[in-house]
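Since the structure comes first, as structure tokens, the remarks are kept for the end.
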Amino acid sequence: MITSGHRWHTINCFKRQNALEEHNIDNREDKISILPDSILHHILSYLPTRDVVGTCILSTRWKNLWTCVENIDFDDSLLYSSGIFGYPVNVTCFMHFVQRVFQLREESDIKKFRLSCRVCFSASHVCLWILAAIKHNAKELDLCLFVEEPFMLPQCVFSSKTLTSLKLEMNCVLELPASTFFPFLRTLHLCLVTFRDDSSTQRLFSGCPMLRELAILDCEWMNLKHVAISISTLKSLTIDDLPFFGSTDDLNGCEIKIDAASLSFLKYSGYLSNEIYLYNLSPSVYASIHIPILYEKRNQIAFRAVKLFRGIHKINAARISSRAIESLFIADIEKDRLPVFYNLMHLELSMELENHTIGPLKELLQCLPKLQSLHFSEGLAPCMRLCEDDWNLGSVPSCFLSSLKTVTYSNFHGNDTEISFLRNLVKNALVLEKLNIVCSKRHFGDPKKQKEVKVQLQSLHRGSVSCAIKFM
């Protein structure tokens with residue numbers, strides 16, 4: 001039985017505990033606010049400007065910290081997604097917010113300026129904001145502009161002496177001034193823009209003498225006939241022409257000549273609507289190539305694919321889609337037009353193999369006499385069915401006899417088609433040292449099945465006595 005004395009003792013204990021917790025809360029140390037300004041500015045630089053400005057209400061310590069943050073990030077979608085007000089009110093709020101930030105911000109330099117917004121509400125204001133960023137010596141300019149009418153960026157953008165990075169996503173014609181020169185630009189990304197003509201586009205690429213990274217993503221080349229990208233400092237080049245929405249008549253395209261002796265990374269994805277010529281590439285270039293096939297234009301694409309691959313015949317590592325390999329061996333194309341890749345030692349196949357790509361793959365392997373590693377990164381297509389003769393190598397590639405040391409097969413399901421495929425591979429690879437099998441967790445989770453398949457694979461006849469089969 002609980003006495004009144006016990007009850008009062010318990011109540012007093014609770015009171016003392018609550019008082020102690022309130023005292024600890026009141027005296028809890030604010031460890032973030034005592035950090036130096038430089039560290040707080042660095043932390044704030046990773047946040048959207050809307051959130052950065054919001055920190056001014058935390059305390060007097062934070063009241064003016066945001067005015068010196070080097071990075072500015074305006075995104076009108078954050079305002080529209082709130083759904084608090086209607087469209088016109090949100091536009092007005094966004095414009096006033098951006099203008100107030102520039103008015104209240106200190107006159108220190110801007111490191112990175114990012115602006116993502118609809119231009120339709122006021123193109124003149126957008127130009128003023130970009131102009132303000134350039135006047136504050138912005139080093140990085142990242143613009144994502146949704147355009148409904150013709151729009152031209154301020155001319156000072158294209159003659160900036162401080163910009164090191166320019167990323168421009170804009171769904172309209174790229175209007176360029178008569179003079180374009182970026183003395184210190186190292187990164188240039190262009191997305192969704194339409195190039196106006198040969199001369200202005202050539203001025204753009206020729207006006208970047210220090211460029212190291214160039215990405216051209218989903219841009220329209222239809223107005224161009226000839227353009228050259230000749231940049232001795234270029235290290236990375238990405239051209240992505242997917243998706244393709246035009247008619248097959250649009251494959252006339254333009255002629256793009258690329259001369260980049262310092263290049264180390266090349267990525268191309270597209271239907272080769274343009275003719276691409278590569279010159280002076282170093283063997284150290286890593287190339288990633290994906291070429292889907294438009295069957296009504298397959299011969300034209302095949303000729304362009306062969307030209308593209310001739311430009312990379314000296315490289316030692318590549319990632320190629322099965323569709324790109326198929327495009328090289330269209331029936332109407334002479335097989336001897338494809339060069340021999342004497343330096344290629346590492347090949348990754350970036351798509352699932354299907355029945356109609358097995359033949360082209362065998363043809364390609366005949367052109368890789370020094371291949372050391374082969375990676376099937378997506379394995380075989382689930383619908384694929386192989387007969388015993390489908391993967392039989394009438395003429396065993398020379399790399400199977402003398403150089404192929406490692407094969408990696410990913411996305412392994414353990415079906416009969418895959419086992420038949422691997423059986424023929426290890427039988428013919430006479431110097432193979434490792435067959436790495438990466439199992440698909442989603443379709444190969446039964447431990448009993450795993451054990452049975454492993455036993456079956458370990459019992460395969462191997463052309464190389466030193467070949468080890470490992471499951472990963």
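Identifiers in the structure tokens: chain A, B, ... in order shown; residue index from 1 per chain; ligand index from 1 in order shown.
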Please give the complete set of residues from range 87-235 of chain A that DSSP, run on the backbone, assigns to helix (DSSP H, G or I), formatted as an NGL selection string.
:A and (87-104 or 123-135 or 155-159 or 198-206)
Can you pull out the residues contacting Gln155 in chain A? Cut-off 12 Å, using only C-alpha atoms, and skip same-chain residues under 5 positions away; I want them as a short mmCIF file (atom, residue, chain, number, x, y, z; two decimals) with C-alpha atoms, in the first residue's frame.
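After the write, around-v3.cif holds the following:
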data_model
loop_
_atom_site.label_atom_id
_atom_site.label_comp_id
_atom_site.auth_asym_id
_atom_site.auth_seq_id
_atom_site.Cartn_x
_atom_site.Cartn_y
_atom_site.Cartn_z
CA CYS A 127 19.50 39.68 -67.48
CA LEU A 128 20.08 42.13 -64.61
CA ILE A 130 23.10 37.55 -64.41
CA LEU A 131 24.83 40.88 -65.02
CA ILE A 134 29.28 38.80 -63.52
CA SER A 160 34.13 37.23 -68.69
CA LEU A 174 21.97 30.29 -78.47
CA GLU A 175 22.56 33.88 -79.53
CA LEU A 176 26.24 34.81 -79.37
CA PRO A 177 27.90 38.23 -79.68
CA ALA A 178 30.38 39.06 -82.43
CA SER A 179 33.25 38.50 -80.01
CA THR A 180 33.40 35.48 -77.68
CA PHE A 181 36.39 34.82 -75.44
#
- Item | Residue contacts of Arg50 in chain A (9 Å, only C-alpha atoms) excluding same-chain residues fewer than 5 positions away, as a list of chain:residue names | A:Asp73, A:Phe74, A:Asp75, A:Leu78, A:Phe97
Dump of N, CA, C and O atoms for the selected residues, as a short mmCIF file (atom, residue, chain, number, x, y, z; two decimals), in the first residue's frame:
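Saved to again_31.cif:
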data_model
loop_
_atom_site.label_atom_id
_atom_site.label_comp_id
_atom_site.auth_asym_id
_atom_site.auth_seq_id
_atom_site.Cartn_x
_atom_site.Cartn_y
_atom_site.Cartn_z
N ASP A 73 22.15 30.66 -54.90
CA ASP A 73 21.36 29.65 -55.60
C ASP A 73 19.89 30.04 -55.57
O ASP A 73 19.23 29.91 -54.54
N PHE A 74 19.38 30.53 -56.70
CA PHE A 74 17.96 30.90 -56.81
C PHE A 74 17.25 29.86 -57.67
O PHE A 74 17.68 29.58 -58.79
N ASP A 75 16.16 29.33 -57.16
CA ASP A 75 15.38 28.32 -57.89
C ASP A 75 13.90 28.62 -57.68
O ASP A 75 13.38 28.43 -56.58
N LEU A 78 11.20 26.08 -56.08
CA LEU A 78 11.01 25.94 -54.64
C LEU A 78 9.83 26.77 -54.17
O LEU A 78 9.10 26.42 -53.24
N PHE A 97 12.31 38.78 -53.98
CA PHE A 97 13.30 38.10 -53.15
C PHE A 97 14.70 38.20 -53.75
O PHE A 97 15.66 38.56 -53.06
#
Using only C-alpha atoms, the residue out of A:Phe205, A:Phe421, A:Phe376, A:Phe303 with shortest distance to Val407 in chain A is A:Phe376
Discussion item. Using DSSP secondary structure from the backbone, list all strand (DSSP E) positions within range 255-372 of chain A, as a PyMOL selection string.
Written reply: chain A and resi 255-259+265-269+275-279+286-290+317-320+346-349
Write out the residues from the selection above, keeping C-alpha atoms, as a PDB file, in the first residue's frame.
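In the end it all went to again-v6.pdb:
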ATOM      1  CA  GLU A 255      30.317  17.452 -89.839  1.00  0.00           C
ATOM      2  CA  ILE A 256      32.016  17.704 -86.437  1.00  0.00           C
ATOM      3  CA  LYS A 257      35.800  17.485 -86.374  1.00  0.00           C
ATOM      4  CA  ILE A 258      37.349  16.914 -82.963  1.00  0.00           C
ATOM      5  CA  ASP A 259      41.078  17.388 -82.397  1.00  0.00           C
ATOM      6  CA  PHE A 265      37.574  10.723 -71.429  1.00  0.00           C
ATOM      7  CA  LEU A 266      35.173  10.557 -74.366  1.00  0.00           C
ATOM      8  CA  LYS A 267      31.471   9.733 -74.156  1.00  0.00           C
ATOM      9  CA  TYR A 268      29.087   9.635 -77.089  1.00  0.00           C
ATOM     10  CA  SER A 269      25.410   8.631 -76.987  1.00  0.00           C
ATOM     11  CA  GLU A 275      29.267  12.843 -88.766  1.00  0.00           C
ATOM     12  CA  ILE A 276      31.982  12.813 -86.103  1.00  0.00           C
ATOM     13  CA  TYR A 277      35.675  12.686 -86.957  1.00  0.00           C
ATOM     14  CA  LEU A 278      38.265  12.210 -84.200  1.00  0.00           C
ATOM     15  CA  TYR A 279      41.904  13.190 -84.613  1.00  0.00           C
ATOM     16  CA  TYR A 286      38.671   5.995 -72.045  1.00  0.00           C
ATOM     17  CA  ALA A 287      35.775   5.901 -74.512  1.00  0.00           C
ATOM     18  CA  SER A 288      32.106   5.185 -73.796  1.00  0.00           C
ATOM     19  CA  ILE A 289      30.016   4.697 -76.940  1.00  0.00           C
ATOM     20  CA  HIS A 290      26.290   4.002 -77.310  1.00  0.00           C
ATOM     21  CA  ALA A 317      40.001   0.955 -72.707  1.00  0.00           C
ATOM     22  CA  ALA A 318      36.369   1.311 -73.797  1.00  0.00           C
ATOM     23  CA  ARG A 319      32.759   0.870 -72.724  1.00  0.00           C
ATOM     24  CA  ILE A 320      30.577   0.001 -75.707  1.00  0.00           C
ATOM     25  CA  HIS A 346      39.947  -3.523 -71.502  1.00  0.00           C
ATOM     26  CA  LEU A 347      36.399  -3.750 -72.890  1.00  0.00           C
ATOM     27  CA  GLU A 348      33.108  -3.360 -71.029  1.00  0.00           C
ATOM     28  CA  LEU A 349      29.803  -4.189 -72.726  1.00  0.00           C
TER      29      LEU A 349
END
Top pick for closest residue to Leu422 in chain A, considering A:Asn171, A:Gln456, A:Ser264, A:Thr233 and counting only C-alpha atoms: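 The closest residue to Leu422 in chain A is A:Gln456.
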